[in-house]
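Below is one structure, written out as structure tokens, with a few remarks after it.
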There are 2 protein chains.
Amino acid sequence: MYRTHTCGELRIGNIGQEVVLSGWVQKNRDLGAMTFIDLRDRYGITQLAFNIETNKELTEKARKIGREYVIQIKGFVVERYSKNSKIPTGDVEIDVKELTILNKSEVPPFTIEDNTDGGEEILMKYRYLDLRRNFLQQALMLRYKMAIEVRNYMDKEGFIDIETPFLIKSTPEGARDYVVPSRVHQGSFYALPQSPQTFKQLLMIAGFDRYYQIVKCFRDEDLRADRQPEFTQIDCEMSFVEQEDVIKTFEGLTKHLFKVFKNIEFKGDIKKMPYSEAIEKYGSDKPDLRFGVEINELTQFAKGKDFKVFEESEYIGGICLKNISDTFTRKSIDNITEFVKKPQIGATGLVWVRYNSDGTLKSSIDKFYNTDDLKKWAGVFNAQPNDIIFIVSGQKNKSLKILGELRLELARQLKLYKENDFAPLWVVDFPLLEWDDETKRFYAMHHPFTSPKNEDIELLETNPAKVRANAYDFVVNGVELGGGSIRIHDSDLQQKMFKLLGFTEEQANEQFGFLMNAFKYGAPPHGGIAFGFDRMVAIFNNSESIKDVIAFPKNNSAKDVMIESPSNISDEQLQELGLKVNLNQ
Amino acid sequence: MYRTHTCGELRIGNIGQEVVLSGWVQKNRDLGAMTFIDLRDRYGITQLAFNIETNKELTEKARKIGREYVIQIKGFVVERYSKNSKIPTGDVEIDVKELTILNKSEVPPFTIEDNTDGGEEILMKYRYLDLRRNFLQQALMLRYKMAIEVRNYMDKEGFIDIETPFLIKSTPEGARDYVVPSRVHQGSFYALPQSPQTFKQLLMIAGFDRYYQIVKCFRDEDLRADRQPEFTQIDCEMSFVEQEDVIKTFEGLTKHLFKVFKNIEFKGDIKKMPYSEAIEKYGSDKPDLRFGVEINELTQFAKGKDFKVFEESEYIGGICLKNISDTFTRKSIDNITEFVKKPQIGATGLVWVRYNSDGTLKSSIDKFYNTDDLKKWAGVFNAQPNDIIFIVSGQKNKSLKILGELRLELARQLKLYKENDFAPLWVVDFPLLEWDDETKRFYAMHHPFTSPKNEDIELLETNPAKVRANAYDFVVNGVELGGGSIRIHDSDLQQKMFKLLGFTEEQANEQFGFLMNAFKYGAPPHGGIAFGFDRMVAIFNNSESIKDVIAFPKNNSAKDVMIESPSNISDEQLQELGLKVNLNQ
């Protein structure tokens, strides 16, 4: 038996007991007469004491033990002289009688402490050592506990966890699939699921009524901080529901999680905001509502004054930052102007209006607009002395997007929110379709199975861009944590949708024939939602990147640098699969 | 709102209430004055009543509704005239006032009843309809409930669920990998995990102490009844443990499951049997202990009588079946002889000895053996009048395997066990290595990370075939439900193992360098186990095939005939991946 107790377990009540502990050496302090080792495991740290007077040989052995050695000791629990109130075991230490080195450790490539000296690359390569750090141990523990709470809630609500297949079928709609070549059927491929979407719908048709799964999904996309090639979803579907039923159920789930993990109680219904309002007011379909700073339109007030840039703009709008004019320097304005002009933001310039503390107004376009003009603008924003208004103009959607990014960046710089602020909302009434100018066709804004609102169905023929969907996103602090919809359950309507999306009847049948066929045998009305579990844990963990809450993440070029994957496979494997590598030039 | 209650919910206490129900039409009976519809959902069946006298129009509408239509009704709960005690809702029915057809259904391709008329192929193609059958609904519900119990037990025991990656690295050791071509790194491939083996070991090195996961794994093998290309494991690992600790922990889990789901309590320790005993007595490393019929060796008693077949045999052994001689006809003997001569069993013949009820003995080789000889044999088996002994001879391992198969087949034919008999055991002391005559090298019997028994380590140099492993399998009713081992945690020993398995140092480093490297930084002693969750549920569900407990299984050629996968992918996809299809001739 390697241990009688863990390193987090012993208390004053254990004094006098003989115990066996095993763990890692966190620290080794040689104080001359005494040598102390901090012994660590997942459960905590226990101090081991060695006395050179009473046991010279053992103490000398202990002194030689390096960091991260794995040792086993036997000894008696004694009261400490100087107690450590910072750790739960801080009242006691072990008077060690026997010491066994279970495994040595080379000096780790970085220090395994809360504040490590390792860079990202080395931490990723030695992820198994990085995972020893308290920060990541806690993050994965939080992830586990959140999963438990999710499962308990779902069970209580009558959902059952049903596993759906991973080797499915590639479809060109949506993001890029990872594919898996078949050996038995050479030249054919499986695809890894981007989500279990069609399977969960089939489970509703099969009558399972309420399904959920915490499940890995896969997307072969170029990566960002909150994207990984493989990610985890809380995937859910319900039968005989309308949008309100789904929202109510999962609002319950998220409230439960906030209560348990953040001790925050959201009273009443969580705010619902139509997509159009989110875009108009926040320049984003996932607005961060931890702060105000709403966008206001100035088009009607700012035109007709010979300022060419505005005259040529479809849209003029801005945001007002309160109480910053005195401290927001010319240099700060230059910096934020540079920010919006970055290619990924895409503004051509930024107009500002200072409402000075003395009541005067000053703008970057004083040549064209006098104080009365600027006063009118200030009125739109309800601006007060010491505020600054930033204005962007151009094509409407683009300008709103720029203002949205500007709003987020300024809030970040000006610290308009605190670490434990959480502002959840539902964004609703999404458009069903998005027009793509390049390919000259509509794309499904969510996916092709999303149902249009009943009252908009007629518009499918006449003005598809105006059709609103029974779709909803759950947003917290500007992050889309979940999204879902009421699905189409009628094969005729589904066929119509595929047609709108440019599928020929043959293509639709080849790819989704099984689903349209299934609709013919009594499909119930159904809908669901999927939450990004990695993102959700990251939000609750106050982490910027989902890598913090994934045990073995890939890097930004989809590599696992620890195991060095992807890698070559043998010619024999390729031949068995009927494949040849044919690198692009 | 689609419903106020489910179809399994209403009782005598609900009489008088106005309710709304939604569900599927299970049956529609037109009895002239009255029309009755059985409305079904996951929760049960509720009878709907339509009276032609009181509501002609509605009743006529109801009469036209076919099987599997999805309908919604509003009405009042009333007491039934003739109650149905077989269903929980059988005391009441709904006096329907409003009826809405939510979705029509074509006539299903097979009847959705417990005893369906559909063949395997059509059932697989319309799996979403097959899943409506009570049998599969119950099977998936059992699966879900078992998963919950597993999770609760593991949580109680301090295990934490940590997700490991699916896009990992292909290794030639073990079964064939499914691979995933990388687009970003053309010509390179990920592999889907056959198990999270190395990752769970890294998690132990990272100090997570106790890990588990219910996780999909993948093997590109040719399929059998209890194999699927993707399957689910309960994967577990523990630090600071010896074999006994792991066995104790998971014996607890399995006992818990038997108690909860079968109301069977196994008192005391579950039987442990060394591998060598399992082979000698049962001709299998996963013996079915629901019945005795042990193999006994006759080599020393049967040689020296000029019977050439026996004289040339390394081994002669048999099994004795009790109390069947009077009823086991000559034809039955011919049939069982045919059975053992099938190529997949591989016997060249079968010798029998009848101990007749009158006390005489009669064998198929009376020419060579007299009654005294046969009496000696009977003594070995402790045979009595009315028993039959079946004897096989030849190469030892092969003969034992044949006797093992014969034993199982006779037990099946003679019904030597009942449906709810369960005989669990641990098979222990496996050999570490298996010699392969074809490739002239050793293979790891479990996997290359399994540790040898301490007392056998010296044999690694001198007689590797004799080295026993710290490995254990959990077997129930002749099915291997789980297997595991104490792992190597020392990089030198691991290197030695790779060498024994014919890896060059370079190959070992390329494929498992990260693991051997990890061992250098304080790897704790650790070990674990993995249970085949599909098989486990199948055993508890009394199912022959794991397909019965998987929502969307593949067929025996690894195809999903419902979604028609695997399938072609576009030339564009292939090009992006830097691949060309190159079918073998």
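Going by the structure tokens order, chains are called A, B, ..., each with residues numbered from 1, while ligands are numbered from 1 in the order shown.
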
Per-residue DSSP, range 307-508 of chain B, filtered to helix (DSSP H, G or I), as a PDB file with C-alpha atoms, in the first residue's frame:
ATOM      1  CA  LYS B 308      -1.761 -43.470 -33.712  1.00  0.00           C
ATOM      2  CA  VAL B 309      -3.680 -40.207 -33.372  1.00  0.00           C
ATOM      3  CA  PHE B 310      -3.059 -40.093 -29.632  1.00  0.00           C
ATOM      4  CA  GLU B 311       0.492 -41.368 -29.911  1.00  0.00           C
ATOM      5  CA  ARG B 330     -25.749 -40.609 -32.165  1.00  0.00           C
ATOM      6  CA  LYS B 331     -26.969 -37.767 -34.371  1.00  0.00           C
ATOM      7  CA  SER B 332     -26.180 -35.201 -31.682  1.00  0.00           C
ATOM      8  CA  ILE B 333     -22.672 -36.613 -31.456  1.00  0.00           C
ATOM      9  CA  ASP B 334     -22.307 -36.366 -35.236  1.00  0.00           C
ATOM     10  CA  ASN B 335     -23.466 -32.747 -35.106  1.00  0.00           C
ATOM     11  CA  ILE B 336     -21.089 -31.743 -32.366  1.00  0.00           C
ATOM     12  CA  THR B 337     -18.291 -33.521 -34.240  1.00  0.00           C
ATOM     13  CA  GLU B 338     -19.140 -31.413 -37.280  1.00  0.00           C
ATOM     14  CA  PHE B 339     -19.040 -28.339 -35.063  1.00  0.00           C
ATOM     15  CA  VAL B 340     -15.492 -28.925 -33.823  1.00  0.00           C
ATOM     16  CA  LYS B 341     -14.343 -29.739 -37.363  1.00  0.00           C
ATOM     17  CA  THR B 371     -13.154 -51.101 -20.411  1.00  0.00           C
ATOM     18  CA  ASP B 372     -10.386 -50.878 -17.826  1.00  0.00           C
ATOM     19  CA  ASP B 373      -8.684 -48.128 -19.817  1.00  0.00           C
ATOM     20  CA  LEU B 374     -11.933 -46.232 -20.143  1.00  0.00           C
ATOM     21  CA  LYS B 375     -12.679 -46.691 -16.426  1.00  0.00           C
ATOM     22  CA  LYS B 376      -9.379 -44.983 -15.662  1.00  0.00           C
ATOM     23  CA  TRP B 377     -10.368 -42.060 -17.861  1.00  0.00           C
ATOM     24  CA  ALA B 378     -13.792 -41.906 -16.277  1.00  0.00           C
ATOM     25  CA  GLY B 379     -12.019 -41.688 -12.947  1.00  0.00           C
ATOM     26  CA  VAL B 380     -10.115 -38.612 -14.049  1.00  0.00           C
ATOM     27  CA  PHE B 381     -13.414 -36.859 -14.749  1.00  0.00           C
ATOM     28  CA  LYS B 396      -1.586 -28.548 -26.626  1.00  0.00           C
ATOM     29  CA  ASN B 397      -2.673 -24.934 -27.020  1.00  0.00           C
ATOM     30  CA  LYS B 398      -4.818 -25.724 -30.006  1.00  0.00           C
ATOM     31  CA  SER B 399      -6.468 -28.696 -28.297  1.00  0.00           C
ATOM     32  CA  LEU B 400      -7.295 -26.626 -25.237  1.00  0.00           C
ATOM     33  CA  LYS B 401      -8.814 -23.929 -27.421  1.00  0.00           C
ATOM     34  CA  ILE B 402     -10.940 -26.525 -29.240  1.00  0.00           C
ATOM     35  CA  LEU B 403     -12.075 -28.017 -25.946  1.00  0.00           C
ATOM     36  CA  GLY B 404     -12.924 -24.515 -24.730  1.00  0.00           C
ATOM     37  CA  GLU B 405     -15.129 -23.913 -27.773  1.00  0.00           C
ATOM     38  CA  LEU B 406     -16.682 -27.360 -27.476  1.00  0.00           C
ATOM     39  CA  ARG B 407     -17.440 -26.683 -23.833  1.00  0.00           C
ATOM     40  CA  LEU B 408     -19.233 -23.425 -24.695  1.00  0.00           C
ATOM     41  CA  GLU B 409     -21.191 -24.956 -27.554  1.00  0.00           C
ATOM     42  CA  LEU B 410     -22.393 -27.939 -25.494  1.00  0.00           C
ATOM     43  CA  ALA B 411     -23.376 -25.644 -22.629  1.00  0.00           C
ATOM     44  CA  ARG B 412     -25.398 -23.608 -25.094  1.00  0.00           C
ATOM     45  CA  GLN B 413     -27.086 -26.665 -26.581  1.00  0.00           C
ATOM     46  CA  ASN B 454       8.729  -7.554  -9.905  1.00  0.00           C
ATOM     47  CA  GLU B 455       9.758 -11.101  -9.155  1.00  0.00           C
ATOM     48  CA  ASP B 456       9.888 -11.907 -12.901  1.00  0.00           C
ATOM     49  CA  LEU B 459      13.499 -13.294 -16.692  1.00  0.00           C
ATOM     50  CA  LEU B 460      13.153 -10.419 -19.169  1.00  0.00           C
ATOM     51  CA  GLU B 461      16.754 -11.087 -20.148  1.00  0.00           C
ATOM     52  CA  THR B 462      16.780 -14.867 -19.902  1.00  0.00           C
ATOM     53  CA  PRO B 464      10.912 -13.387 -21.741  1.00  0.00           C
ATOM     54  CA  ALA B 465       8.086 -15.802 -22.547  1.00  0.00           C
ATOM     55  CA  LYS B 466       7.898 -16.768 -18.871  1.00  0.00           C
ATOM     56  CA  SER B 491      11.878   5.126 -18.403  1.00  0.00           C
ATOM     57  CA  ASP B 492      14.696   2.554 -18.394  1.00  0.00           C
ATOM     58  CA  LEU B 493      12.319  -0.355 -18.020  1.00  0.00           C
ATOM     59  CA  GLN B 494      10.029   1.112 -20.655  1.00  0.00           C
ATOM     60  CA  GLN B 495      12.973   1.404 -23.032  1.00  0.00           C
ATOM     61  CA  LYS B 496      13.869  -2.228 -22.341  1.00  0.00           C
ATOM     62  CA  MET B 497      10.287  -3.246 -23.161  1.00  0.00           C
ATOM     63  CA  PHE B 498      10.327  -1.405 -26.466  1.00  0.00           C
ATOM     64  CA  LYS B 499      13.580  -3.156 -27.311  1.00  0.00           C
ATOM     65  CA  LEU B 500      12.078  -6.550 -26.496  1.00  0.00           C
ATOM     66  CA  GLU B 505      15.626   3.225 -30.267  1.00  0.00           C
ATOM     67  CA  GLU B 506      14.724   5.671 -33.000  1.00  0.00           C
ATOM     68  CA  GLN B 507      11.270   4.178 -33.550  1.00  0.00           C
ATOM     69  CA  ALA B 508      10.584   4.104 -29.833  1.00  0.00           C
TER      70      ALA B 508
END

Restrict the distance test to only C-alpha atoms, flag each residue of chain B within 6 Å of chain A, and return the flagged residues as a short mmCIF file (atom, residue, chain, number, x, y, z; two decimals) with N, CA, C and O atoms, in the first residue's frame.
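Saved the output as part29.cif:
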data_model
loop_
_atom_site.label_atom_id
_atom_site.label_comp_id
_atom_site.auth_asym_id
_atom_site.auth_seq_id
_atom_site.Cartn_x
_atom_site.Cartn_y
_atom_site.Cartn_z
N TYR B 2 -47.24 22.61 -26.25
CA TYR B 2 -47.68 21.40 -26.94
C TYR B 2 -48.33 20.37 -26.02
O TYR B 2 -48.97 19.46 -26.48
N ARG B 42 -42.27 8.63 -25.12
CA ARG B 42 -41.24 7.88 -24.40
C ARG B 42 -41.71 7.43 -23.02
O ARG B 42 -41.20 6.47 -22.46
N GLU B 68 -48.46 6.05 -36.36
CA GLU B 68 -47.26 6.90 -36.33
C GLU B 68 -47.51 8.35 -36.71
O GLU B 68 -46.57 9.13 -36.82
N TYR B 69 -48.79 8.72 -36.94
CA TYR B 69 -49.10 10.15 -37.05
C TYR B 69 -48.70 10.82 -35.73
O TYR B 69 -48.82 10.22 -34.67
N VAL B 70 -48.27 12.07 -35.83
CA VAL B 70 -47.99 12.84 -34.62
C VAL B 70 -49.16 13.78 -34.40
O VAL B 70 -49.49 14.58 -35.29
N ASN B 103 -48.12 16.16 -37.57
CA ASN B 103 -47.36 15.65 -38.71
C ASN B 103 -47.94 14.30 -39.11
O ASN B 103 -48.27 13.48 -38.27
N LYS B 104 -48.06 14.11 -40.42
CA LYS B 104 -48.56 12.83 -40.92
C LYS B 104 -47.44 11.80 -40.95
O LYS B 104 -46.26 12.14 -40.79
N SER B 105 -47.82 10.57 -41.17
CA SER B 105 -46.81 9.54 -41.36
C SER B 105 -47.21 8.62 -42.49
O SER B 105 -48.36 8.20 -42.59
N GLU B 106 -46.25 8.37 -43.34
CA GLU B 106 -46.47 7.30 -44.31
C GLU B 106 -46.50 5.99 -43.55
O GLU B 106 -46.08 5.92 -42.39
N TYR B 128 -34.02 5.07 -37.15
CA TYR B 128 -34.79 6.05 -36.37
C TYR B 128 -36.21 5.55 -36.09
O TYR B 128 -36.83 5.98 -35.11
N LEU B 129 -36.72 4.64 -36.94
CA LEU B 129 -38.02 4.04 -36.65
C LEU B 129 -37.87 2.83 -35.73
O LEU B 129 -38.66 2.62 -34.82
N LEU B 131 -35.73 2.52 -33.53
CA LEU B 131 -35.48 3.06 -32.18
C LEU B 131 -36.77 3.43 -31.45
O LEU B 131 -36.77 3.67 -30.25
N ARG B 132 -37.90 3.49 -32.18
CA ARG B 132 -39.17 3.74 -31.50
C ARG B 132 -39.66 2.51 -30.75
O ARG B 132 -40.53 2.61 -29.88
N TYR B 144 -28.09 4.60 -20.42
CA TYR B 144 -27.98 5.91 -19.77
C TYR B 144 -27.90 5.76 -18.26
O TYR B 144 -27.05 6.36 -17.59
N ASP B 161 -13.27 13.20 -14.16
CA ASP B 161 -13.47 12.97 -15.59
C ASP B 161 -12.69 14.05 -16.34
O ASP B 161 -12.98 15.23 -16.20
N LYS B 169 -2.00 10.53 -32.50
CA LYS B 169 -0.87 10.15 -33.36
C LYS B 169 -0.96 8.66 -33.67
O LYS B 169 -1.21 7.85 -32.79
N VAL B 179 -7.15 6.96 -39.44
CA VAL B 179 -6.34 8.17 -39.51
C VAL B 179 -7.14 9.33 -40.10
O VAL B 179 -8.15 9.13 -40.77
N VAL B 180 -6.67 10.54 -39.83
CA VAL B 180 -7.36 11.77 -40.25
C VAL B 180 -6.32 12.66 -40.92
O VAL B 180 -5.41 13.15 -40.25
N GLY B 187 0.07 15.91 -46.03
CA GLY B 187 0.93 14.73 -46.01
C GLY B 187 1.07 14.15 -44.61
O GLY B 187 1.61 13.06 -44.45
N SER B 188 0.62 14.90 -43.61
CA SER B 188 0.64 14.38 -42.24
C SER B 188 -0.77 13.96 -41.83
O SER B 188 -1.76 14.41 -42.41
N PHE B 189 -0.82 13.12 -40.83
CA PHE B 189 -2.09 12.54 -40.40
C PHE B 189 -2.20 12.55 -38.88
O PHE B 189 -1.21 12.34 -38.18
N TYR B 190 -3.41 12.76 -38.39
CA TYR B 190 -3.73 12.42 -37.02
C TYR B 190 -4.22 10.97 -37.01
O TYR B 190 -4.53 10.41 -38.06
N LEU B 202 -0.13 10.11 -18.86
CA LEU B 202 0.39 11.47 -18.69
C LEU B 202 -0.39 12.24 -17.61
O LEU B 202 0.18 13.04 -16.88
N ALA B 206 0.99 14.02 -14.46
CA ALA B 206 0.60 15.39 -14.13
C ALA B 206 -0.01 15.50 -12.73
O ALA B 206 -0.29 16.61 -12.27
N GLY B 207 -0.21 14.39 -12.08
CA GLY B 207 -0.66 14.44 -10.68
C GLY B 207 -2.15 14.44 -10.47
O GLY B 207 -2.63 14.81 -9.40
N PHE B 208 -2.92 14.01 -11.48
CA PHE B 208 -4.38 14.04 -11.28
C PHE B 208 -4.88 12.88 -10.43
O PHE B 208 -6.05 12.83 -10.06
N PHE B 240 -0.28 5.68 -7.41
CA PHE B 240 0.11 5.11 -6.12
C PHE B 240 -0.72 3.87 -5.78
O PHE B 240 -1.29 3.77 -4.69
N PHE B 514 7.67 11.21 -26.11
CA PHE B 514 7.04 12.11 -25.14
C PHE B 514 6.74 11.39 -23.83
O PHE B 514 6.87 11.94 -22.76
N LYS B 520 10.77 10.86 -16.97
CA LYS B 520 12.00 11.38 -16.35
C LYS B 520 11.73 12.45 -15.31
O LYS B 520 12.63 12.88 -14.60
N TYR B 521 10.48 12.95 -15.29
CA TYR B 521 10.20 14.08 -14.39
C TYR B 521 9.28 13.69 -13.24
O TYR B 521 8.36 14.41 -12.87
N GLY B 522 9.53 12.50 -12.68
CA GLY B 522 8.75 12.14 -11.50
C GLY B 522 7.42 11.50 -11.85
O GLY B 522 6.37 12.08 -11.57
N ILE B 563 -27.33 6.64 -42.99
CA ILE B 563 -26.87 7.90 -43.60
C ILE B 563 -26.02 7.64 -44.85
O ILE B 563 -25.57 8.55 -45.51
N SER B 565 -22.86 6.09 -45.15
CA SER B 565 -21.49 6.50 -44.92
C SER B 565 -20.66 5.24 -44.71
O SER B 565 -21.16 4.26 -44.16
N PRO B 566 -19.39 5.17 -45.13
CA PRO B 566 -18.62 6.24 -45.76
C PRO B 566 -19.12 6.56 -47.18
O PRO B 566 -19.82 5.76 -47.78
N SER B 567 -18.72 7.72 -47.65
CA SER B 567 -19.18 8.15 -48.97
C SER B 567 -18.05 8.91 -49.67
O SER B 567 -17.00 9.14 -49.08
N ASN B 568 -18.32 9.29 -50.90
CA ASN B 568 -17.31 10.07 -51.63
C ASN B 568 -17.17 11.47 -51.04
O ASN B 568 -18.11 12.00 -50.48
N GLY B 578 -4.23 17.46 -49.89
CA GLY B 578 -3.01 16.96 -50.55
C GLY B 578 -3.05 15.46 -50.75
O GLY B 578 -2.06 14.77 -50.56
N LEU B 579 -4.22 14.95 -51.14
CA LEU B 579 -4.38 13.50 -51.29
C LEU B 579 -4.97 13.16 -52.65
O LEU B 579 -5.64 13.97 -53.28
N LYS B 580 -4.69 11.96 -53.05
CA LYS B 580 -5.24 11.44 -54.29
C LYS B 580 -5.72 10.03 -54.01
O LYS B 580 -5.03 9.26 -53.34
N VAL B 581 -6.91 9.71 -54.49
CA VAL B 581 -7.37 8.33 -54.35
C VAL B 581 -6.59 7.46 -55.32
O VAL B 581 -6.37 7.83 -56.47
N ASN B 582 -6.13 6.32 -54.84
CA ASN B 582 -5.22 5.47 -55.60
C ASN B 582 -5.60 4.02 -55.30
O ASN B 582 -4.91 3.33 -54.57
N LEU B 583 -6.77 3.63 -55.85
CA LEU B 583 -7.33 2.33 -55.48
C LEU B 583 -6.37 1.20 -55.80
O LEU B 583 -5.69 1.21 -56.82
N ASN B 584 -6.33 0.25 -54.87
CA ASN B 584 -5.49 -0.94 -55.11
C ASN B 584 -6.10 -1.78 -56.22
O ASN B 584 -7.31 -1.84 -56.38
#

Nearby residues (only C-alpha atoms) at most 6 Å from Ile389 in chain A, same-chain spacing under 4 positions excluded, as a tab-separated table (two decimals) with all heavy atoms, in the first residue's frame:
chain	number	residue	atom	x	y	z
A	319	ILE	N	-20.25	56.30	-30.63
A	319	ILE	CA	-20.45	55.92	-29.23
A	319	ILE	C	-19.89	57.03	-28.35
A	319	ILE	O	-19.01	57.77	-28.76
A	319	ILE	CB	-19.74	54.59	-28.89
A	319	ILE	CG1	-18.24	54.66	-29.26
A	319	ILE	CG2	-20.40	53.41	-29.57
A	319	ILE	CD1	-17.46	53.43	-28.86
A	320	CYS	N	-20.45	57.14	-27.16
A	320	CYS	CA	-20.06	58.20	-26.24
A	320	CYS	C	-19.44	57.58	-24.99
A	320	CYS	O	-20.05	56.71	-24.36
A	320	CYS	CB	-21.29	59.03	-25.89
A	320	CYS	SG	-20.99	60.24	-24.60
A	352	TRP	N	-13.69	62.39	-33.74
A	352	TRP	CA	-14.00	62.51	-32.31
A	352	TRP	C	-14.59	63.87	-31.99
A	352	TRP	O	-14.33	64.86	-32.67
A	352	TRP	CB	-12.77	62.24	-31.44
A	352	TRP	CG	-11.54	63.07	-31.81
A	352	TRP	CD1	-10.50	62.69	-32.60
A	352	TRP	CD2	-11.26	64.42	-31.42
A	352	TRP	NE1	-9.59	63.69	-32.74
A	352	TRP	CE2	-10.02	64.77	-32.01
A	352	TRP	CE3	-11.93	65.38	-30.63
A	352	TRP	CZ2	-9.43	66.05	-31.86
A	352	TRP	CZ3	-11.35	66.64	-30.47
A	352	TRP	CH2	-10.10	66.96	-31.08
A	353	VAL	N	-15.41	63.91	-30.96
A	353	VAL	CA	-15.96	65.16	-30.45
A	353	VAL	C	-15.73	65.18	-28.94
A	353	VAL	O	-16.22	64.30	-28.23
A	353	VAL	CB	-17.48	65.27	-30.72
A	353	VAL	CG1	-18.02	66.59	-30.17
A	353	VAL	CG2	-17.78	65.13	-32.20

Shell around Leu350 in chain B at 7 Å using only C-alpha atoms, local window under 6 positions removed, as a PyMOL selection string: chain B and resi 337+390-392

Calculate how many Å separate CA of Asn296 in chain A from CA of Asn470 in chain A, rounding to one decimal.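 That distance, rounded to one decimal, is 27.5 Å.
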
May I ask for the distance between CA of Leu31 in chain A and CA of Phe135 in chain A, given in Å to one decimal place?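 Separating CA of Leu31 in chain A from CA of Phe135 in chain A is a distance of 29.3 Å.
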
If you run DSSP on this backbone, which residues of range 163-409 of chain A come out as strand (DSSP E), and could you give them as an mmCIF file with C-alpha atoms, in the first residue's frame?
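Saved file result.cif follows:
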data_model
loop_
_atom_site.group_PDB
_atom_site.id
_atom_site.type_symbol
_atom_site.label_atom_id
_atom_site.label_comp_id
_atom_site.auth_asym_id
_atom_site.auth_seq_id
_atom_site.Cartn_x
_atom_site.Cartn_y
_atom_site.Cartn_z
ATOM 1 C CA VAL A 179 -12.485 13.287 -42.903
ATOM 2 C CA VAL A 180 -11.455 9.708 -42.189
ATOM 3 C CA PRO A 181 -10.555 7.461 -45.120
ATOM 4 C CA PHE A 189 -14.529 8.668 -46.414
ATOM 5 C CA TYR A 190 -16.241 9.171 -43.124
ATOM 6 C CA ALA A 191 -16.351 12.665 -41.614
ATOM 7 C CA ARG A 210 -35.283 14.882 -24.492
ATOM 8 C CA TYR A 211 -31.687 14.161 -25.442
ATOM 9 C CA TYR A 212 -28.381 15.604 -24.360
ATOM 10 C CA GLN A 213 -24.730 14.781 -24.641
ATOM 11 C CA ILE A 214 -21.453 16.352 -23.582
ATOM 12 C CA VAL A 215 -19.631 15.524 -26.744
ATOM 13 C CA LYS A 216 -16.522 16.220 -28.796
ATOM 14 C CA CYS A 217 -17.042 17.962 -32.126
ATOM 15 C CA PHE A 218 -14.569 18.739 -34.895
ATOM 16 C CA GLU A 230 -11.702 19.517 -31.470
ATOM 17 C CA PHE A 231 -14.007 21.098 -28.952
ATOM 18 C CA THR A 232 -16.728 20.012 -26.576
ATOM 19 C CA GLN A 233 -20.405 20.804 -26.792
ATOM 20 C CA ILE A 234 -23.289 20.371 -24.425
ATOM 21 C CA ASP A 235 -25.634 19.224 -27.132
ATOM 22 C CA CYS A 236 -29.367 19.142 -26.435
ATOM 23 C CA GLU A 237 -32.662 18.537 -28.191
ATOM 24 C CA MET A 238 -36.295 18.477 -27.081
ATOM 25 C CA SER A 239 -39.553 17.411 -28.675
ATOM 26 C CA LYS A 272 -33.854 38.978 -24.623
ATOM 27 C CA MET A 273 -32.653 41.184 -27.450
ATOM 28 C CA PRO A 274 -33.618 40.967 -31.113
ATOM 29 C CA ASN A 296 -26.303 55.914 -31.759
ATOM 30 C CA GLU A 297 -26.948 56.854 -35.348
ATOM 31 C CA TYR A 315 -24.375 55.488 -42.321
ATOM 32 C CA ILE A 316 -22.859 57.718 -39.656
ATOM 33 C CA GLY A 317 -22.835 56.601 -36.042
ATOM 34 C CA GLY A 318 -20.910 56.794 -32.850
ATOM 35 C CA ILE A 319 -20.447 55.919 -29.234
ATOM 36 C CA CYS A 320 -20.057 58.195 -26.238
ATOM 37 C CA LEU A 321 -17.580 57.488 -23.431
ATOM 38 C CA VAL A 351 -13.892 61.289 -35.911
ATOM 39 C CA TRP A 352 -14.005 62.511 -32.313
ATOM 40 C CA VAL A 353 -15.958 65.162 -30.452
ATOM 41 C CA ARG A 354 -14.771 66.271 -27.030
ATOM 42 C CA TYR A 355 -17.368 67.740 -24.704
ATOM 43 C CA LEU A 361 -17.187 71.370 -27.692
ATOM 44 C CA LYS A 362 -14.226 70.488 -29.877
ATOM 45 C CA SER A 363 -14.055 67.973 -32.726
ATOM 46 C CA ASP A 387 -17.448 62.970 -22.354
ATOM 47 C CA ILE A 388 -15.961 62.028 -25.706
ATOM 48 C CA ILE A 389 -17.954 60.881 -28.732
ATOM 49 C CA PHE A 390 -16.247 58.712 -31.350
ATOM 50 C CA ILE A 391 -17.795 58.621 -34.797
ATOM 51 C CA VAL A 392 -17.424 56.231 -37.703
ATOM 52 C CA SER A 393 -19.058 56.423 -41.102
ATOM 53 C CA GLY A 394 -19.347 54.363 -44.272
#
